file model-v4.cif (mmCIF, C-alpha atoms)
data_input
loop_
_atom_site.group_PDB
_atom_site.id
_atom_site.type_symbol
_atom_site.label_atom_id
_atom_site.label_comp_id
_atom_site.auth_asym_id
_atom_site.auth_seq_id
_atom_site.Cartn_x
_atom_site.Cartn_y
_atom_site.Cartn_z
ATOM 1 C CA MET A 1 -10.681 14.900 -6.334
ATOM 2 C CA LYS A 2 -12.962 12.776 -4.214
ATOM 3 C CA TYR A 3 -12.576 9.073 -3.543
ATOM 4 C CA THR A 4 -14.327 6.451 -1.488
ATOM 5 C CA VAL A 5 -11.690 4.835 0.738
ATOM 6 C CA PHE A 6 -11.415 1.226 1.858
ATOM 7 C CA TRP A 7 -8.682 0.890 4.484
ATOM 8 C CA GLY A 8 -8.677 -2.893 4.832
ATOM 9 C CA CYS A 9 -7.859 -4.905 7.947
ATOM 10 C CA MET A 10 -4.167 -4.265 8.621
ATOM 11 C CA ILE A 11 -4.191 -0.480 8.339
ATOM 12 C CA ALA A 12 -7.193 -0.233 10.644
ATOM 13 C CA THR A 13 -5.755 -2.550 13.298
ATOM 14 C CA VAL A 14 -1.955 -2.580 13.372
ATOM 15 C CA GLU A 15 -0.458 -0.185 10.804
ATOM 16 C CA TYR A 16 -2.021 3.064 11.979
ATOM 17 C CA GLY A 17 0.852 5.192 10.691
ATOM 18 C CA TYR A 18 -0.283 4.622 7.121
ATOM 19 C CA GLU A 19 -3.805 5.901 7.717
ATOM 20 C CA VAL A 20 -2.607 8.809 9.852
ATOM 21 C CA SER A 21 -0.176 9.973 7.164
ATOM 22 C CA VAL A 22 -2.721 9.613 4.343
ATOM 23 C CA ARG A 23 -5.299 11.624 6.289
ATOM 24 C CA GLU A 24 -2.763 14.418 6.843
ATOM 25 C CA VAL A 25 -1.250 14.507 3.357
ATOM 26 C CA PHE A 26 -4.144 13.958 0.975
ATOM 27 C CA PRO A 27 -6.369 16.918 1.984
ATOM 28 C CA ARG A 28 -3.389 19.269 1.529
ATOM 29 C CA LEU A 29 -3.105 18.019 -2.039
ATOM 30 C CA GLY A 30 -6.775 18.571 -2.787
ATOM 31 C CA VAL A 31 -7.883 14.995 -2.216
ATOM 32 C CA GLU A 32 -11.112 14.335 -0.312
ATOM 33 C CA LEU A 33 -11.822 10.909 1.155
ATOM 34 C CA ALA A 34 -15.346 9.599 1.756
ATOM 35 C CA GLU A 35 -15.650 6.688 4.168
ATOM 36 C CA LEU A 36 -17.113 3.517 2.721
ATOM 37 C CA GLY A 37 -18.930 2.729 5.921
ATOM 38 C CA TRP A 38 -18.388 -0.411 7.907
ATOM 39 C CA ASN A 39 -17.294 -3.272 5.738
ATOM 40 C CA ALA A 40 -15.767 -6.680 6.185
ATOM 41 C CA CYS A 41 -12.439 -7.965 4.908
ATOM 42 C CA CYS A 42 -11.728 -7.654 1.180
ATOM 43 C CA GLY A 43 -11.427 -11.442 1.084
ATOM 44 C CA TYR A 44 -7.740 -11.532 0.166
ATOM 45 C CA PRO A 45 -6.745 -14.199 2.750
ATOM 46 C CA LEU A 46 -9.360 -16.511 1.224
ATOM 47 C CA MET A 47 -8.502 -16.073 -2.445
ATOM 48 C CA GLN A 48 -6.703 -19.414 -2.622
ATOM 49 C CA VAL A 49 -8.906 -21.190 -0.076
ATOM 50 C CA ASN A 50 -12.530 -20.516 -1.015
ATOM 51 C CA THR A 51 -13.019 -18.584 -4.242
ATOM 52 C CA ARG A 52 -16.712 -17.922 -3.715
ATOM 53 C CA VAL A 53 -16.327 -16.516 -0.208
ATOM 54 C CA TRP A 54 -13.532 -14.245 -1.468
ATOM 55 C CA LEU A 55 -15.632 -13.087 -4.413
ATOM 56 C CA TYR A 56 -18.646 -12.375 -2.209
ATOM 57 C CA LEU A 57 -16.604 -10.321 0.282
ATOM 58 C CA ALA A 58 -14.897 -8.341 -2.467
ATOM 59 C CA SER A 59 -18.111 -7.761 -4.404
ATOM 60 C CA ARG A 60 -19.769 -6.175 -1.349
ATOM 61 C CA ILE A 61 -17.109 -3.473 -1.349
ATOM 62 C CA LEU A 62 -17.338 -2.970 -5.118
ATOM 63 C CA ALA A 63 -21.138 -2.742 -5.022
ATOM 64 C CA GLU A 64 -21.132 -0.266 -2.146
ATOM 65 C CA THR A 65 -18.535 1.849 -3.953
ATOM 66 C CA GLN A 66 -20.700 1.942 -7.076
ATOM 67 C CA GLY A 67 -23.427 3.405 -4.900
ATOM 68 C CA SER A 68 -21.096 6.168 -3.722
ATOM 69 C CA GLY A 69 -20.440 7.445 -7.232
ATOM 70 C CA HIS A 70 -16.709 7.931 -6.604
ATOM 71 C CA PRO A 71 -13.571 5.982 -7.540
ATOM 72 C CA LEU A 72 -12.285 3.607 -4.875
ATOM 73 C CA PHE A 73 -9.026 4.433 -3.107
ATOM 74 C CA VAL A 74 -7.356 1.319 -1.676
ATOM 75 C CA PRO A 75 -4.020 1.952 0.102
ATOM 76 C CA CYS A 76 -3.330 -1.714 0.949
ATOM 77 C CA ASN A 77 -1.554 -3.777 -1.725
ATOM 78 C CA GLY A 78 -3.363 -6.982 -0.731
ATOM 79 C CA CYS A 79 -6.794 -5.356 -0.767
ATOM 80 C CA HIS A 80 -5.940 -3.690 -4.062
ATOM 81 C CA ILE A 81 -5.216 -6.941 -5.893
ATOM 82 C CA SER A 82 -8.171 -8.672 -4.245
ATOM 83 C CA LEU A 83 -10.655 -6.049 -5.419
ATOM 84 C CA CYS A 84 -9.071 -5.623 -8.858
ATOM 85 C CA GLU A 85 -9.033 -9.360 -9.506
ATOM 86 C CA ALA A 86 -12.572 -9.783 -8.192
ATOM 87 C CA GLN A 87 -13.881 -7.110 -10.523
ATOM 88 C CA HIS A 88 -11.863 -8.566 -13.416
ATOM 89 C CA THR A 89 -13.483 -11.960 -12.722
ATOM 90 C CA LEU A 90 -17.000 -10.559 -12.435
ATOM 91 C CA MET A 91 -16.673 -8.618 -15.672
ATOM 92 C CA LYS A 92 -15.948 -11.877 -17.520
ATOM 93 C CA HIS A 93 -18.551 -14.192 -15.960
ATOM 94 C CA ASP A 94 -22.228 -13.234 -16.038
ATOM 95 C CA ARG A 95 -23.254 -16.292 -14.017
ATOM 96 C CA LEU A 96 -20.983 -15.287 -11.137
ATOM 97 C CA VAL A 97 -22.467 -11.797 -11.166
ATOM 98 C CA GLY A 98 -25.935 -13.286 -10.870
ATOM 99 C CA TRP A 99 -24.828 -15.507 -7.985
ATOM 100 C CA VAL A 100 -23.151 -12.608 -6.187
ATOM 101 C CA ASN A 101 -26.141 -10.333 -6.621
ATOM 102 C CA GLU A 102 -28.466 -12.939 -5.155
ATOM 103 C CA LEU A 103 -26.388 -12.793 -1.968
ATOM 104 C CA LEU A 104 -26.041 -9.021 -2.019
ATOM 105 C CA ARG A 105 -29.768 -8.471 -2.450
ATOM 106 C CA ASP A 106 -30.387 -9.155 1.255
ATOM 107 C CA GLU A 107 -28.137 -6.158 2.025
ATOM 108 C CA GLY A 108 -29.704 -3.879 -0.552
ATOM 109 C CA LEU A 109 -26.584 -4.022 -2.727
ATOM 110 C CA ARG A 110 -25.977 -4.954 -6.366
ATOM 111 C CA PHE A 111 -22.854 -5.158 -8.512
ATOM 112 C CA ASN A 112 -23.445 -3.486 -11.880
ATOM 113 C CA GLN A 113 -21.297 -4.910 -14.692
ATOM 114 C CA SER A 114 -21.922 -1.846 -16.831
ATOM 115 C CA SER A 115 -20.291 0.497 -14.278
ATOM 116 C CA PRO A 116 -16.916 -0.979 -13.256
ATOM 117 C CA VAL A 117 -15.225 0.719 -10.337
ATOM 118 C CA ARG A 118 -12.019 2.707 -10.805
ATOM 119 C CA ILE A 119 -9.725 1.214 -8.156
ATOM 120 C CA LEU A 120 -6.708 3.341 -7.255
ATOM 121 C CA HIS A 121 -3.709 2.714 -5.014
ATOM 122 C CA THR A 122 -1.776 5.357 -3.072
ATOM 123 C CA ILE A 123 0.923 5.527 -5.736
ATOM 124 C CA GLU A 124 -1.678 6.100 -8.465
ATOM 125 C CA VAL A 125 -3.464 8.850 -6.570
ATOM 126 C CA LEU A 126 -0.199 10.686 -5.943
ATOM 127 C CA HIS A 127 1.455 10.116 -9.317
ATOM 128 C CA ASP A 128 -1.445 9.923 -11.768
ATOM 129 C CA GLU A 129 -4.230 11.933 -10.129
ATOM 130 C CA VAL A 130 -2.551 14.637 -8.027
ATOM 131 C CA GLY A 131 0.494 14.797 -10.298
ATOM 132 C CA LEU A 132 4.173 15.440 -9.727
ATOM 133 C CA GLU A 133 3.950 19.188 -10.292
ATOM 134 C CA LYS A 134 1.328 19.601 -7.564
ATOM 135 C CA ILE A 135 3.457 17.555 -5.169
ATOM 136 C CA ARG A 136 6.598 19.481 -6.090
ATOM 137 C CA SER A 137 4.865 22.823 -5.500
ATOM 138 C CA SER A 138 3.748 21.656 -2.032
ATOM 139 C CA VAL A 139 7.284 20.917 -0.816
ATOM 140 C CA VAL A 140 8.720 23.225 1.848
ATOM 141 C CA LYS A 141 11.368 20.896 3.289
ATOM 142 C CA PRO A 142 12.929 18.819 0.511
ATOM 143 C CA PHE A 143 13.832 15.316 1.660
ATOM 144 C CA SER A 144 17.493 14.981 0.681
ATOM 145 C CA PHE A 145 18.286 11.420 1.797
ATOM 146 C CA LYS A 146 18.817 8.474 -0.533
ATOM 147 C CA VAL A 147 15.819 6.167 -0.365
ATOM 148 C CA ALA A 148 15.395 2.591 -1.607
ATOM 149 C CA CYS A 149 11.913 1.855 -2.969
ATOM 150 C CA HIS A 150 10.089 -1.357 -2.145
ATOM 151 C CA TYR A 151 6.957 -1.752 -4.271
ATOM 152 C CA GLY A 152 5.695 -5.061 -2.968
ATOM 153 C CA CYS A 153 4.287 -7.807 -5.172
ATOM 154 C CA HIS A 154 0.578 -7.249 -5.570
ATOM 155 C CA ILE A 155 0.403 -3.775 -7.088
ATOM 156 C CA ILE A 156 2.656 -4.715 -10.004
ATOM 157 C CA ARG A 157 1.824 -8.399 -10.598
ATOM 158 C CA PRO A 158 0.148 -10.282 -12.282
ATOM 159 C CA ALA A 159 -0.204 -8.562 -15.646
ATOM 160 C CA ASP A 160 -3.501 -10.269 -16.536
ATOM 161 C CA PHE A 161 -5.340 -7.057 -15.647
ATOM 162 C CA PRO A 162 -4.139 -3.453 -15.189
ATOM 163 C CA ARG A 163 -1.768 -2.929 -12.259
ATOM 164 C CA VAL A 164 -0.409 0.192 -10.589
ATOM 165 C CA ASP A 165 2.909 0.248 -12.461
ATOM 166 C CA ASP A 166 5.067 -1.745 -14.845
ATOM 167 C CA ALA A 167 5.840 -5.236 -13.517
ATOM 168 C CA GLU A 168 9.402 -5.295 -14.844
ATOM 169 C CA ASN A 169 10.470 -1.735 -14.163
ATOM 170 C CA PRO A 170 8.090 0.332 -12.005
ATOM 171 C CA THR A 171 9.089 3.990 -11.752
ATOM 172 C CA LYS A 172 6.190 5.912 -10.201
ATOM 173 C CA MET A 173 7.376 5.711 -6.607
ATOM 174 C CA GLU A 174 10.822 6.957 -7.595
ATOM 175 C CA ALA A 175 9.196 9.824 -9.508
ATOM 176 C CA ILE A 176 7.141 10.841 -6.464
ATOM 177 C CA LEU A 177 10.222 10.751 -4.252
ATOM 178 C CA GLY A 178 12.157 12.777 -6.803
ATOM 179 C CA ALA A 179 9.403 15.417 -6.661
ATOM 180 C CA ILE A 180 10.027 15.866 -2.913
ATOM 181 C CA GLY A 181 13.804 16.078 -3.353
ATOM 182 C CA ALA A 182 14.785 12.567 -2.308
ATOM 183 C CA LYS A 183 17.476 10.627 -4.117
ATOM 184 C CA THR A 184 16.580 7.141 -5.326
ATOM 185 C CA GLY A 185 18.315 4.443 -7.300
ATOM 186 C CA ASP A 186 17.959 0.996 -8.759
ATOM 187 C CA TYR A 187 19.269 -2.048 -6.917
ATOM 188 C CA PRO A 188 19.114 -5.777 -7.729
ATOM 189 C CA GLU A 189 16.710 -6.647 -4.900
ATOM 190 C CA ARG A 190 14.226 -3.849 -5.641
ATOM 191 C CA LEU A 191 11.343 -6.113 -6.747
ATOM 192 C CA GLU A 192 11.953 -8.972 -4.327
ATOM 193 C CA CYS A 193 9.016 -10.100 -2.162
ATOM 194 C CA CYS A 194 9.019 -9.349 1.575
ATOM 195 C CA GLY A 195 7.636 -12.837 2.243
ATOM 196 C CA ALA A 196 4.525 -11.690 4.128
ATOM 197 C CA GLY A 197 2.432 -14.497 2.650
ATOM 198 C CA ALA A 198 4.605 -17.067 4.436
ATOM 199 C CA ASN A 199 4.616 -15.416 7.879
ATOM 200 C CA VAL A 200 2.224 -17.943 9.379
ATOM 201 C CA VAL A 201 3.986 -21.079 8.158
ATOM 202 C CA GLU A 202 7.656 -20.041 7.796
ATOM 203 C CA PRO A 203 8.339 -17.004 10.008
ATOM 204 C CA GLU A 204 12.060 -17.713 10.297
ATOM 205 C CA LEU A 205 12.416 -17.951 6.526
ATOM 206 C CA VAL A 206 10.579 -14.621 6.159
ATOM 207 C CA ALA A 207 12.863 -13.032 8.738
ATOM 208 C CA ARG A 208 15.908 -14.168 6.784
ATOM 209 C CA LEU A 209 14.447 -12.876 3.530
ATOM 210 C CA CYS A 210 13.701 -9.459 5.033
ATOM 211 C CA GLY A 211 17.073 -9.318 6.758
ATOM 212 C CA TRP A 212 18.806 -10.031 3.481
ATOM 213 C CA LYS A 213 17.049 -7.099 1.793
ATOM 214 C CA LEU A 214 17.645 -4.673 4.667
ATOM 215 C CA LYS A 215 21.349 -5.550 4.689
ATOM 216 C CA SER A 216 21.481 -5.137 0.917
ATOM 217 C CA VAL A 217 19.993 -1.636 0.816
ATOM 218 C CA ARG A 218 22.271 -0.506 3.647
ATOM 219 C CA ALA A 219 25.316 -1.929 1.865
ATOM 220 C CA ARG A 220 24.346 -0.118 -1.338
ATOM 221 C CA GLY A 221 24.432 3.274 0.362
ATOM 222 C CA PHE A 222 20.746 3.961 0.926
ATOM 223 C CA ASP A 223 19.655 5.883 4.031
ATOM 224 C CA ALA A 224 16.147 4.429 4.304
ATOM 225 C CA LEU A 225 13.623 2.038 2.769
ATOM 226 C CA VAL A 226 10.177 3.250 1.685
ATOM 227 C CA THR A 227 7.031 1.129 1.275
ATOM 228 C CA SER A 228 3.371 1.634 0.372
ATOM 229 C CA CYS A 229 2.001 -1.653 1.704
ATOM 230 C CA PRO A 230 1.049 -2.402 5.332
ATOM 231 C CA ALA A 231 2.200 -6.032 5.146
ATOM 232 C CA CYS A 232 5.581 -5.058 3.706
ATOM 233 C CA GLN A 233 5.929 -2.239 6.233
ATOM 234 C CA MET A 234 5.173 -4.574 9.111
ATOM 235 C CA ASN A 235 7.836 -7.019 7.943
ATOM 236 C CA TYR A 236 10.573 -4.454 7.377
ATOM 237 C CA ASP A 237 9.699 -1.964 10.112
ATOM 238 C CA ALA A 238 7.918 -3.625 13.032
ATOM 239 C CA LYS A 239 9.782 -6.922 12.919
ATOM 240 C CA GLN A 240 13.364 -5.714 12.877
ATOM 241 C CA ASP A 241 14.035 -6.972 16.419
ATOM 242 C CA ALA A 242 12.763 -10.424 15.454
ATOM 243 C CA ILE A 243 14.830 -10.363 12.266
ATOM 244 C CA MET A 244 17.972 -9.496 14.228
ATOM 245 C CA GLN A 245 17.369 -12.427 16.559
ATOM 246 C CA VAL A 246 17.135 -14.817 13.614
ATOM 247 C CA VAL A 247 20.036 -13.532 11.518
ATOM 248 C CA LYS A 248 22.090 -12.406 14.546
ATOM 249 C CA ASP A 249 23.250 -9.216 12.837
ATOM 250 C CA PRO A 250 22.834 -5.761 14.423
ATOM 251 C CA ASP A 251 23.284 -4.109 11.026
ATOM 252 C CA ILE A 252 19.667 -5.005 10.269
ATOM 253 C CA SER A 253 18.545 -1.861 12.158
ATOM 254 C CA PHE A 254 17.457 0.507 9.383
ATOM 255 C CA PRO A 255 14.872 3.327 8.960
ATOM 256 C CA VAL A 256 11.701 2.296 7.096
ATOM 257 C CA PHE A 257 8.990 4.803 6.101
ATOM 258 C CA TYR A 258 5.656 4.843 4.348
ATOM 259 C CA LEU A 259 5.685 6.827 1.111
ATOM 260 C CA THR A 260 3.000 9.163 2.464
ATOM 261 C CA GLN A 261 5.106 9.833 5.570
ATOM 262 C CA LEU A 262 8.007 11.078 3.452
ATOM 263 C CA VAL A 263 5.723 13.203 1.282
ATOM 264 C CA GLY A 264 4.235 14.685 4.453
ATOM 265 C CA LEU A 265 7.647 15.477 5.916
ATOM 266 C CA ALA A 266 8.600 17.304 2.721
ATOM 267 C CA MET A 267 5.365 19.301 2.987
ATOM 268 C CA GLY A 268 6.434 20.449 6.458
ATOM 269 C CA ILE A 269 3.959 18.359 8.451
ATOM 270 C CA GLU A 270 5.051 17.485 11.981
ATOM 271 C CA PRO A 271 6.410 13.923 12.261
ATOM 272 C CA ARG A 272 3.921 12.842 14.938
ATOM 273 C CA LYS A 273 1.005 14.032 12.803
ATOM 274 C CA LEU A 274 2.291 11.580 10.198
ATOM 275 C CA GLY A 275 2.372 8.706 12.671
ATOM 276 C CA LEU A 276 6.162 8.501 12.639
ATOM 277 C CA ASN A 277 6.209 7.930 16.385
ATOM 278 C CA LEU A 278 4.433 4.643 15.606
ATOM 279 C CA ASN A 279 7.194 3.349 13.339
ATOM 280 C CA LYS A 280 9.298 0.705 15.067
ATOM 281 C CA SER A 281 12.437 1.074 12.950
ATOM 282 C CA PRO A 282 15.014 3.786 13.846
ATOM 283 C CA VAL A 283 13.469 6.621 11.814
ATOM 284 C CA GLU A 284 14.832 9.006 14.466
ATOM 285 C CA ASN A 285 18.252 8.455 12.861
ATOM 286 C CA LEU A 286 17.071 10.658 10.002
ATOM 287 C CA ILE A 287 14.357 12.902 11.495
ATOM 288 C CA ASP A 288 13.585 14.554 14.815
ATOM 289 C CA LEU A 289 10.516 13.066 16.463
#

call {"tool": "encode", "arguments": {"input": "model-v4.cif", "output": "structure tokens"}}
result
Amino acid sequence: MKYTVFWGCMIATVEYGYEVSVREVFPRLGVELAELGWNACCGYPLMQVNTRVWLYLASRILAETQGSGHPLFVPCNGCHISLCEAQHTLMKHDRLVGWVNELLRDEGLRFNQSSPVRILHTIEVLHDEVGLEKIRSSVVKPFSFKVACHYGCHIIRPADFPRVDDAENPTKMEAILGAIGAKTGDYPERLECCGAGANVVEPELVARLCGWKLKSVRARGFDALVTSCPACQMNYDAKQDAIMQVVKDPDISFPVFYLTQLVGLAMGIEPRKLGLNLNKSPVENLIDL
């Protein structure tokens, strides 16, 4: 299994633990990653501001991936929806493809409508490509804690084009965690947004929203929260001190992990090799760093 990988902005600049854990876990499951080469932003922050700039930025990545001959692995939820929606748009509008290719020609790139890119998220690679049996057979230290899943918005919505999992009742993350021995469970707030899109304009509101969810999962008997999105992870993990200052509640302190970090722990990989020393939430309450 070989994939071209696009890390996006956040993973490459602030959420290093995600990349570190993917690079440790995937090769042990038979997954090879080929670097895309230097590339700009996927365009996600501009989707609602300047459609053409977004489409140009996203199409560069799609065109370069077509040249690689491999599916595209995109671990960031925001990048994933940006690239999926861009390709969905290009496949429907020939005139936009012509406009994009005029711009790409100066870089020696071209988007080919007849060869759409397979775009896969972390959850899809683990659940659909590697498979639960392969993951289960790689476990040497089953993870026995009860974990609350947080999917994030963009990998399950909207339903206008294929998403990673069912929008109403996603189950793949729970299945992956079950394969490594972790307990999971449904809870009313499972599909609630972390509020990352409002961080710039309403940071206090976002802090309250995240604090509400962290308090909820603790109250429902979970030992940790697991994410697969750098923006969600930053909100729930890195910003817990800020959240506590806003909601004035010390019970906000709660372990938050990336999905790939938990899979790696179950495979017996050392915590620091999975970037767990970079997590800001109290993961040391559950594991030895």

call {"tool": "resolve_selection", "arguments": {"input": "model-v4.cif", "expression": "the PyMOL selection byres ((chain A and resi 64) around 9)", "output": "PyMOL selection string"}}
result
chain A and resi 36-37+59-63+65-68+109-111

call {"tool": "atom_distance", "arguments": {"input": "model-v4.cif", "atom1": "atom CA of Ser144 of chain A", "atom2": "atom CA of Gly181 of chain A"}}
result
5.6 Å

call {"tool": "residues_near_point", "arguments": {"input": "model-v4.cif", "point": "(7.0, 4.8, 4.9)", "cutoff": "12 Å", "atoms": "all atoms listed in the file", "output": "mmCIF file with C-alpha atoms, in the frame of the given file"}}
result
data_model
loop_
_atom_site.group_PDB
_atom_site.id
_atom_site.type_symbol
_atom_site.label_atom_id
_atom_site.label_comp_id
_atom_site.auth_asym_id
_atom_site.auth_seq_id
_atom_site.Cartn_x
_atom_site.Cartn_y
_atom_site.Cartn_z
ATOM 1 C CA GLU A 15 -0.458 -0.185 10.804
ATOM 2 C CA TYR A 16 -2.021 3.064 11.979
ATOM 3 C CA GLY A 17 0.852 5.192 10.691
ATOM 4 C CA TYR A 18 -0.283 4.622 7.121
ATOM 5 C CA GLU A 19 -3.805 5.901 7.717
ATOM 6 C CA VAL A 20 -2.607 8.809 9.852
ATOM 7 C CA SER A 21 -0.176 9.973 7.164
ATOM 8 C CA VAL A 22 -2.721 9.613 4.343
ATOM 9 C CA THR A 122 -1.776 5.357 -3.072
ATOM 10 C CA VAL A 147 15.819 6.167 -0.365
ATOM 11 C CA ALA A 148 15.395 2.591 -1.607
ATOM 12 C CA CYS A 149 11.913 1.855 -2.969
ATOM 13 C CA HIS A 150 10.089 -1.357 -2.145
ATOM 14 C CA TYR A 151 6.957 -1.752 -4.271
ATOM 15 C CA MET A 173 7.376 5.711 -6.607
ATOM 16 C CA LEU A 177 10.222 10.751 -4.252
ATOM 17 C CA ALA A 224 16.147 4.429 4.304
ATOM 18 C CA LEU A 225 13.623 2.038 2.769
ATOM 19 C CA VAL A 226 10.177 3.250 1.685
ATOM 20 C CA THR A 227 7.031 1.129 1.275
ATOM 21 C CA SER A 228 3.371 1.634 0.372
ATOM 22 C CA CYS A 229 2.001 -1.653 1.704
ATOM 23 C CA PRO A 230 1.049 -2.402 5.332
ATOM 24 C CA ALA A 231 2.200 -6.032 5.146
ATOM 25 C CA CYS A 232 5.581 -5.058 3.706
ATOM 26 C CA GLN A 233 5.929 -2.239 6.233
ATOM 27 C CA MET A 234 5.173 -4.574 9.111
ATOM 28 C CA TYR A 236 10.573 -4.454 7.377
ATOM 29 C CA ASP A 237 9.699 -1.964 10.112
ATOM 30 C CA ALA A 238 7.918 -3.625 13.032
ATOM 31 C CA PRO A 255 14.872 3.327 8.960
ATOM 32 C CA VAL A 256 11.701 2.296 7.096
ATOM 33 C CA PHE A 257 8.990 4.803 6.101
ATOM 34 C CA TYR A 258 5.656 4.843 4.348
ATOM 35 C CA LEU A 259 5.685 6.827 1.111
ATOM 36 C CA THR A 260 3.000 9.163 2.464
ATOM 37 C CA GLN A 261 5.106 9.833 5.570
ATOM 38 C CA LEU A 262 8.007 11.078 3.452
ATOM 39 C CA VAL A 263 5.723 13.203 1.282
ATOM 40 C CA GLY A 264 4.235 14.685 4.453
ATOM 41 C CA LEU A 265 7.647 15.477 5.916
ATOM 42 C CA PRO A 271 6.410 13.923 12.261
ATOM 43 C CA LEU A 274 2.291 11.580 10.198
ATOM 44 C CA GLY A 275 2.372 8.706 12.671
ATOM 45 C CA LEU A 276 6.162 8.501 12.639
ATOM 46 C CA ASN A 277 6.209 7.930 16.385
ATOM 47 C CA LEU A 278 4.433 4.643 15.606
ATOM 48 C CA ASN A 279 7.194 3.349 13.339
ATOM 49 C CA LYS A 280 9.298 0.705 15.067
ATOM 50 C CA SER A 281 12.437 1.074 12.950
ATOM 51 C CA VAL A 283 13.469 6.621 11.814
#

call {"tool": "resolve_selection", "arguments": {"input": "model-v4.cif", "expression": "the PyMOL selection byres ((chain A and resi 57) around 12)", "output": "PDB file with C-alpha atoms, in the coordinates of the input"}}
result
ATOM      1  CA  GLY A   8      -8.677  -2.893   4.832  1.00  0.00           C
ATOM      2  CA  ASN A  39     -17.294  -3.272   5.738  1.00  0.00           C
ATOM      3  CA  ALA A  40     -15.767  -6.680   6.185  1.00  0.00           C
ATOM      4  CA  CYS A  41     -12.439  -7.965   4.908  1.00  0.00           C
ATOM      5  CA  CYS A  42     -11.728  -7.654   1.180  1.00  0.00           C
ATOM      6  CA  GLY A  43     -11.427 -11.442   1.084  1.00  0.00           C
ATOM      7  CA  TYR A  44      -7.740 -11.532   0.166  1.00  0.00           C
ATOM      8  CA  PRO A  45      -6.745 -14.199   2.750  1.00  0.00           C
ATOM      9  CA  LEU A  46      -9.360 -16.511   1.224  1.00  0.00           C
ATOM     10  CA  MET A  47      -8.502 -16.073  -2.445  1.00  0.00           C
ATOM     11  CA  ASN A  50     -12.530 -20.516  -1.015  1.00  0.00           C
ATOM     12  CA  THR A  51     -13.019 -18.584  -4.242  1.00  0.00           C
ATOM     13  CA  ARG A  52     -16.712 -17.922  -3.715  1.00  0.00           C
ATOM     14  CA  VAL A  53     -16.327 -16.516  -0.208  1.00  0.00           C
ATOM     15  CA  TRP A  54     -13.532 -14.245  -1.468  1.00  0.00           C
ATOM     16  CA  LEU A  55     -15.632 -13.087  -4.413  1.00  0.00           C
ATOM     17  CA  TYR A  56     -18.646 -12.375  -2.209  1.00  0.00           C
ATOM     18  CA  ALA A  58     -14.897  -8.341  -2.467  1.00  0.00           C
ATOM     19  CA  SER A  59     -18.111  -7.761  -4.404  1.00  0.00           C
ATOM     20  CA  ARG A  60     -19.769  -6.175  -1.349  1.00  0.00           C
ATOM     21  CA  ILE A  61     -17.109  -3.473  -1.349  1.00  0.00           C
ATOM     22  CA  LEU A  62     -17.338  -2.970  -5.118  1.00  0.00           C
ATOM     23  CA  ALA A  63     -21.138  -2.742  -5.022  1.00  0.00           C
ATOM     24  CA  GLU A  64     -21.132  -0.266  -2.146  1.00  0.00           C
ATOM     25  CA  CYS A  79      -6.794  -5.356  -0.767  1.00  0.00           C
ATOM     26  CA  SER A  82      -8.171  -8.672  -4.245  1.00  0.00           C
ATOM     27  CA  LEU A  83     -10.655  -6.049  -5.419  1.00  0.00           C
ATOM     28  CA  ALA A  86     -12.572  -9.783  -8.192  1.00  0.00           C
ATOM     29  CA  GLN A  87     -13.881  -7.110 -10.523  1.00  0.00           C
ATOM     30  CA  VAL A 100     -23.151 -12.608  -6.187  1.00  0.00           C
ATOM     31  CA  ASN A 101     -26.141 -10.333  -6.621  1.00  0.00           C
ATOM     32  CA  LEU A 103     -26.388 -12.793  -1.968  1.00  0.00           C
ATOM     33  CA  LEU A 104     -26.041  -9.021  -2.019  1.00  0.00           C
ATOM     34  CA  PHE A 111     -22.854  -5.158  -8.512  1.00  0.00           C
TER      35      PHE A 111
END

call {"tool": "resolve_selection", "arguments": {"input": "model-v4.cif", "expression": "the PyMOL selection byres ((chain A and resi 198) around 12)", "output": "PyMOL selection string"}}
result
chain A and resi 45+193-197+199-210+231+235

call {"tool": "residues_around", "arguments": {"input": "model-v4.cif", "residues": "Leu33 of chain A", "least_positions_apart": "6", "cutoff": "12 Å", "atoms": "all atoms listed in the file", "output": "JSON list (two decimals) with C-alpha atoms, in the frame of the given file"}}
result
[["chain", "number", "residue", "atom", "x", "y", "z"],
["A", 1, "MET", "CA", -10.68, 14.90, -6.33],
["A", 2, "LYS", "CA", -12.96, 12.78, -4.21],
["A", 3, "TYR", "CA", -12.58, 9.07, -3.54],
["A", 4, "THR", "CA", -14.33, 6.45, -1.49],
["A", 5, "VAL", "CA", -11.69, 4.84, 0.74],
["A", 6, "PHE", "CA", -11.42, 1.23, 1.86],
["A", 7, "TRP", "CA", -8.68, 0.89, 4.48],
["A", 19, "GLU", "CA", -3.80, 5.90, 7.72],
["A", 22, "VAL", "CA", -2.72, 9.61, 4.34],
["A", 23, "ARG", "CA", -5.30, 11.62, 6.29],
["A", 24, "GLU", "CA", -2.76, 14.42, 6.84],
["A", 25, "VAL", "CA", -1.25, 14.51, 3.36],
["A", 26, "PHE", "CA", -4.14, 13.96, 0.98],
["A", 27, "PRO", "CA", -6.37, 16.92, 1.98],
["A", 68, "SER", "CA", -21.10, 6.17, -3.72],
["A", 70, "HIS", "CA", -16.71, 7.93, -6.60],
["A", 71, "PRO", "CA", -13.57, 5.98, -7.54],
["A", 72, "LEU", "CA", -12.28, 3.61, -4.88],
["A", 73, "PHE", "CA", -9.03, 4.43, -3.11],
["A", 74, "VAL", "CA", -7.36, 1.32, -1.68],
["A", 75, "PRO", "CA", -4.02, 1.95, 0.10],
["A", 125, "VAL", "CA", -3.46, 8.85, -6.57]]

call {"tool": "atom_distance", "arguments": {"input": "model-v4.cif", "atom1": "atom CA of Ile156 of chain A", "atom2": "atom CA of Glu129 of chain A"}}
result
18.0 Å

call {"tool": "atom_distance", "arguments": {"input": "model-v4.cif", "atom1": "atom CA of Pro116 of chain A", "atom2": "atom CA of Thr13 of chain A"}}
result
28.8 Å
